[in-house]
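Everything on this sheet refers to the single structure shown next.
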Amino acid sequence: MTDPLADLMRLIRPHAVLWKRIEGADRWAIRFPANSDITFGTVTRGHCLLLGCGPALELAQGDFLLLSGPSSAFTFSSDPDTAPVDGEALMAQAPDNAVTVGAGAGPTCQLVGGHFQIDAPNAHLLRALMPGRIHCRGADPGTGRISHLLDLIADEATSDRPGTGYVLPRLVEVMLVEALRGHGPSGPGIHSEGLLSGLADPQVSAALHALHADVRRPWTVADLAAAAHMSRSVFAERFTERVGTTPMDYLLAWRMALAKDALIRGDQTLTKIAHAVGYGSASAFSNAFRRTTGLPPGQYATTRRVPPP
């Protein structure tokens, strides 16, 4: 059965886990810049504040945090008034990616986490369709599963066992899906539109599943409304409210995402790609691709294709 969230995971391909451990003592603060990656972490001891990426958020022991391509700098801190140190510069000087911030005998906090990269051609899909910030409290259902996965990832990332290169990316993917499913945005002021919001709505979810199951079909808003068992006008409004984009814009974005992935892999002809994403001819697809990306498919493939190792 087609699963839109699984489809998205297959396209963004999370990889390259980078682990960090931060110890904060007394009054402390450490700041990290905006980036296009997915930042994640858990508080293993004590508590702290997250400042930036939305309203201030209190993090306690056992809590899990996910930031999807944070568009502004963010700070972990003991309090809002302490000047932060540069986290990237501090980490660059730490060979084991573990740092201590602050001094004294005050309360101690420890955070363990890091970030993983996603395939650049479709990175925008994650930022556009996912909440910018997800906070799972230690007592929330499912957080224990995430903590167990983090333990497995940490163990695998620091081992030299055979097959680590195969196992580690899959553990990371499972952890990301576990964090995303069943957990909405983390509170007031956090953008709540996106794929997760759409999938949480049974009628919009039905339309999303139908679209992903047959992306080649010449869908209309009326067709998708029928799949959702709603009137056309009510469906269009509900879809846009939940997902943050119109049904036809979502369909176009998903088709182009699939096309980019196929072009970069380079194992299909232009005609085959065109038909696979719902276009009757290579020329019709090429025109739509150029309008969307600013480049013809051939040039896009040439500039973005990754050479084989």
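By order of appearance in the structure tokens: chains A, B, ..., then residues from 1 within every chain, and ligands from 1 in the order shown.
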- Task: Please provide as a ChimeraX atom specification all residues within 7 Å of A:Val43, with the sequence filter that same-chain residues fewer than 4 positions apart are discarded (counting only C-alpha atoms).
- Result: /A:47,60-64,110-112
So that I can check the secondary structure, give me every residue of stretch 99-265 of chain A assigned alpha helix (DSSP H) by backbone DSSP, as an mmCIF file with C-alpha atoms, in the first residue's frame.
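states_25.cif written:
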```cif
data_model
loop_
_atom_site.group_PDB
_atom_site.id
_atom_site.type_symbol
_atom_site.label_atom_id
_atom_site.label_comp_id
_atom_site.auth_asym_id
_atom_site.auth_seq_id
_atom_site.Cartn_x
_atom_site.Cartn_y
_atom_site.Cartn_z
ATOM 1 C CA ALA A 123 15.459 18.956 0.592
ATOM 2 C CA HIS A 124 12.876 21.702 0.113
ATOM 3 C CA LEU A 125 10.114 19.102 0.335
ATOM 4 C CA LEU A 126 10.966 18.373 3.939
ATOM 5 C CA ARG A 127 11.054 22.044 4.877
ATOM 6 C CA ALA A 128 7.807 22.727 3.029
ATOM 7 C CA LEU A 129 5.838 19.699 4.179
ATOM 8 C CA THR A 143 9.543 8.718 22.934
ATOM 9 C CA GLY A 144 10.899 5.567 24.556
ATOM 10 C CA ARG A 145 11.103 3.959 21.120
ATOM 11 C CA ILE A 146 13.066 6.977 19.841
ATOM 12 C CA SER A 147 15.465 6.767 22.795
ATOM 13 C CA HIS A 148 16.064 3.094 22.053
ATOM 14 C CA LEU A 149 16.766 3.891 18.402
ATOM 15 C CA LEU A 150 19.176 6.673 19.432
ATOM 16 C CA ASP A 151 21.057 4.152 21.605
ATOM 17 C CA LEU A 152 21.290 1.774 18.645
ATOM 18 C CA ILE A 153 22.444 4.566 16.326
ATOM 19 C CA ALA A 154 25.091 5.756 18.793
ATOM 20 C CA ASP A 155 26.377 2.208 19.216
ATOM 21 C CA GLU A 156 26.440 1.566 15.470
ATOM 22 C CA ALA A 157 28.057 4.932 14.644
ATOM 23 C CA THR A 164 27.647 -0.591 9.545
ATOM 24 C CA GLY A 165 27.394 1.369 6.294
ATOM 25 C CA TYR A 166 24.188 -0.521 5.499
ATOM 26 C CA VAL A 167 22.633 -0.620 8.969
ATOM 27 C CA LEU A 168 23.264 2.953 10.128
ATOM 28 C CA PRO A 169 21.330 4.829 7.405
ATOM 29 C CA ARG A 170 18.331 2.574 7.938
ATOM 30 C CA LEU A 171 18.326 3.114 11.686
ATOM 31 C CA VAL A 172 18.421 6.861 11.049
ATOM 32 C CA GLU A 173 15.492 6.635 8.632
ATOM 33 C CA VAL A 174 13.456 4.638 11.156
ATOM 34 C CA MET A 175 14.259 7.159 13.897
ATOM 35 C CA LEU A 176 13.153 10.059 11.701
ATOM 36 C CA VAL A 177 9.882 8.352 10.763
ATOM 37 C CA GLU A 178 9.241 7.471 14.419
ATOM 38 C CA ALA A 179 9.765 11.104 15.413
ATOM 39 C CA LEU A 180 7.519 12.385 12.648
ATOM 40 C CA LEU A 195 2.296 16.500 4.983
ATOM 41 C CA LEU A 196 1.919 15.280 8.570
ATOM 42 C CA SER A 197 -1.018 17.588 9.128
ATOM 43 C CA GLY A 198 -2.606 16.355 5.898
ATOM 44 C CA LEU A 199 -2.097 12.701 6.802
ATOM 45 C CA ALA A 200 -3.677 13.329 10.217
ATOM 46 C CA PRO A 202 -8.691 11.188 7.307
ATOM 47 C CA GLN A 203 -10.268 12.761 4.214
ATOM 48 C CA VAL A 204 -7.191 14.695 3.077
ATOM 49 C CA SER A 205 -5.119 11.588 3.831
ATOM 50 C CA ALA A 206 -7.325 9.526 1.517
ATOM 51 C CA ALA A 207 -6.639 11.957 -1.322
ATOM 52 C CA LEU A 208 -2.889 11.987 -0.607
ATOM 53 C CA HIS A 209 -2.750 8.190 -0.640
ATOM 54 C CA ALA A 210 -4.669 8.067 -3.925
ATOM 55 C CA LEU A 211 -2.377 10.643 -5.535
ATOM 56 C CA HIS A 212 0.806 8.876 -4.417
ATOM 57 C CA ALA A 213 -0.548 5.509 -5.543
ATOM 58 C CA VAL A 221 -9.228 18.691 -7.990
ATOM 59 C CA ALA A 222 -12.617 17.049 -8.572
ATOM 60 C CA ASP A 223 -10.983 13.606 -8.836
ATOM 61 C CA LEU A 224 -9.076 14.080 -5.588
ATOM 62 C CA ALA A 225 -12.189 15.449 -3.886
ATOM 63 C CA ALA A 226 -14.027 12.288 -4.930
ATOM 64 C CA ALA A 227 -11.259 10.157 -3.409
ATOM 65 C CA ARG A 232 -14.695 19.990 -4.702
ATOM 66 C CA SER A 233 -14.749 23.404 -3.007
ATOM 67 C CA VAL A 234 -14.670 22.089 0.557
ATOM 68 C CA PHE A 235 -11.878 19.647 -0.308
ATOM 69 C CA ALA A 236 -9.730 22.304 -1.996
ATOM 70 C CA GLU A 237 -10.024 24.561 1.045
ATOM 71 C CA ARG A 238 -9.358 21.761 3.532
ATOM 72 C CA PHE A 239 -6.359 20.407 1.595
ATOM 73 C CA THR A 240 -4.747 23.849 1.338
ATOM 74 C CA GLU A 241 -5.391 24.533 5.020
ATOM 75 C CA ARG A 242 -3.879 21.232 6.148
ATOM 76 C CA VAL A 243 -1.006 20.744 3.695
ATOM 77 C CA PRO A 247 -3.837 20.051 -4.459
ATOM 78 C CA MET A 248 -2.552 20.803 -7.964
ATOM 79 C CA ASP A 249 0.578 22.539 -6.674
ATOM 80 C CA TYR A 250 1.259 19.554 -4.426
ATOM 81 C CA LEU A 251 0.833 17.186 -7.380
ATOM 82 C CA LEU A 252 3.222 19.257 -9.503
ATOM 83 C CA ALA A 253 5.816 19.453 -6.709
ATOM 84 C CA TRP A 254 5.685 15.704 -6.139
ATOM 85 C CA ARG A 255 5.972 14.918 -9.852
ATOM 86 C CA MET A 256 8.987 17.215 -10.176
ATOM 87 C CA ALA A 257 10.591 15.672 -7.090
ATOM 88 C CA LEU A 258 10.282 12.189 -8.599
ATOM 89 C CA ALA A 259 11.620 13.483 -11.908
ATOM 90 C CA LYS A 260 14.657 15.118 -10.264
ATOM 91 C CA ASP A 261 15.479 11.875 -8.507
ATOM 92 C CA ALA A 262 15.220 9.897 -11.745
ATOM 93 C CA LEU A 263 17.309 12.432 -13.688
ATOM 94 C CA ILE A 264 20.076 12.367 -11.096
ATOM 95 C CA ARG A 265 20.181 8.561 -11.087
#
```
- All residues 12 Å or closer to A:Pro297, only C-alpha atoms, same chain fewer than 6 positions away omitted, as a PyMOL selection string: chain A and resi 256+259-264+266+269-271+273-274+282-291+303-305
Could you turn the residues from that selection into a file that holds N, CA, C and O atoms, as a short mmCIF file (atom, residue, chain, number, x, y, z; two decimals), in the first residue's frame?
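In the end it all went to selection-v6.cif:
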```
data_model
loop_
_atom_site.label_atom_id
_atom_site.label_comp_id
_atom_site.auth_asym_id
_atom_site.auth_seq_id
_atom_site.Cartn_x
_atom_site.Cartn_y
_atom_site.Cartn_z
N MET A 256 7.66 16.68 -9.89
CA MET A 256 8.99 17.22 -10.18
C MET A 256 10.04 16.60 -9.25
O MET A 256 11.19 16.38 -9.65
N ALA A 259 10.86 13.30 -10.67
CA ALA A 259 11.62 13.48 -11.91
C ALA A 259 13.08 13.86 -11.61
O ALA A 259 14.00 13.33 -12.24
N LYS A 260 13.29 14.75 -10.64
CA LYS A 260 14.66 15.12 -10.26
C LYS A 260 15.44 13.90 -9.81
O LYS A 260 16.60 13.70 -10.19
N ASP A 261 14.81 13.07 -9.01
CA ASP A 261 15.48 11.87 -8.51
C ASP A 261 15.86 10.95 -9.66
O ASP A 261 16.97 10.43 -9.71
N ALA A 262 14.94 10.77 -10.60
CA ALA A 262 15.22 9.90 -11.75
C ALA A 262 16.31 10.48 -12.64
O ALA A 262 17.17 9.75 -13.14
N LEU A 263 16.30 11.78 -12.85
CA LEU A 263 17.31 12.43 -13.69
C LEU A 263 18.70 12.31 -13.08
O LEU A 263 19.69 12.07 -13.78
N ILE A 264 18.78 12.45 -11.76
CA ILE A 264 20.08 12.37 -11.10
C ILE A 264 20.61 10.94 -11.15
O ILE A 264 21.82 10.72 -11.33
N GLY A 266 20.03 8.81 -13.51
CA GLY A 266 20.48 8.65 -14.89
C GLY A 266 20.26 7.28 -15.48
O GLY A 266 20.96 6.90 -16.43
N THR A 269 15.35 6.87 -19.68
CA THR A 269 15.28 7.86 -20.75
C THR A 269 14.32 8.98 -20.36
O THR A 269 13.48 8.83 -19.46
N LEU A 270 14.43 10.11 -21.06
CA LEU A 270 13.56 11.25 -20.77
C LEU A 270 12.10 10.88 -21.02
O LEU A 270 11.21 11.27 -20.24
N THR A 271 11.85 10.12 -22.06
CA THR A 271 10.47 9.70 -22.36
C THR A 271 9.91 8.83 -21.25
O THR A 271 8.75 8.99 -20.84
N ILE A 273 10.84 8.79 -18.09
CA ILE A 273 10.62 9.63 -16.90
C ILE A 273 9.34 10.43 -17.07
O ILE A 273 8.52 10.54 -16.14
N ALA A 274 9.15 10.99 -18.26
CA ALA A 274 7.95 11.80 -18.53
C ALA A 274 6.69 10.99 -18.28
O ALA A 274 5.76 11.44 -17.60
N ALA A 282 7.77 13.64 -23.87
CA ALA A 282 8.98 14.20 -23.30
C ALA A 282 8.99 15.72 -23.41
O ALA A 282 9.48 16.42 -22.52
N SER A 283 8.43 16.27 -24.50
CA SER A 283 8.41 17.72 -24.67
C SER A 283 7.50 18.40 -23.66
O SER A 283 7.84 19.44 -23.09
N ALA A 284 6.33 17.80 -23.39
CA ALA A 284 5.43 18.37 -22.39
C ALA A 284 6.08 18.35 -21.01
O ALA A 284 5.99 19.32 -20.24
N PHE A 285 6.74 17.24 -20.70
CA PHE A 285 7.45 17.15 -19.42
C PHE A 285 8.58 18.17 -19.35
O PHE A 285 8.76 18.86 -18.33
N SER A 286 9.36 18.29 -20.42
CA SER A 286 10.49 19.22 -20.43
C SER A 286 10.04 20.65 -20.20
O SER A 286 10.69 21.41 -19.46
N ASN A 287 8.94 21.03 -20.82
CA ASN A 287 8.41 22.39 -20.63
C ASN A 287 8.00 22.62 -19.18
O ASN A 287 8.30 23.67 -18.59
N ALA A 288 7.31 21.64 -18.59
CA ALA A 288 6.88 21.77 -17.20
C ALA A 288 8.08 21.80 -16.26
O ALA A 288 8.12 22.57 -15.29
N PHE A 289 9.08 20.97 -16.54
CA PHE A 289 10.27 20.91 -15.70
C PHE A 289 11.04 22.23 -15.74
O PHE A 289 11.47 22.74 -14.71
N ARG A 290 11.18 22.80 -16.95
CA ARG A 290 11.89 24.06 -17.09
C ARG A 290 11.15 25.19 -16.35
O ARG A 290 11.78 26.03 -15.70
N ARG A 291 9.82 25.21 -16.47
CA ARG A 291 9.05 26.24 -15.77
C ARG A 291 9.22 26.14 -14.26
O ARG A 291 9.26 27.14 -13.55
N THR A 303 24.27 18.82 -14.38
CA THR A 303 24.85 19.63 -13.30
C THR A 303 24.66 18.99 -11.93
O THR A 303 25.42 19.26 -11.02
N ARG A 304 23.63 18.14 -11.75
CA ARG A 304 23.33 17.60 -10.43
C ARG A 304 23.74 16.15 -10.24
O ARG A 304 23.80 15.67 -9.11
N ARG A 305 24.01 15.45 -11.35
CA ARG A 305 24.30 14.01 -11.20
C ARG A 305 25.58 13.79 -10.43
O ARG A 305 26.59 14.44 -10.66
#
```
- Query: Which one of A:Leu295, A:Ile22, A:Met230, A:Ile134 sits closest to A:Leu57 if you count only C-alpha atoms?
  - Reply: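 The closest residue to A:Leu57 is A:Ile134.
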- Hey, what does DSSP flag as strand (DSSP E or B) within stretch 65-200 of chain A? Can you give it to me as a list in words? Leu65, Leu66, Leu67, Ser68, Phe74, Thr75, Phe76, Ser77, Val85, Asp86, Ala98, Val99, Thr100, Val101, Thr108, Cys109, Gln110, Leu111, Val112, Gly113, Gly114, His115, Phe116, Gln117, Arg133, Ile134, His135 and Cys136 of chain A
- Task: Extract, using only C-alpha atoms, all DNA, RNA and protein residues at most 8 Å from A:Ser36, discarding same-chain residues fewer than 3 positions from it, and format them as a count of residues only.
- Result: 6
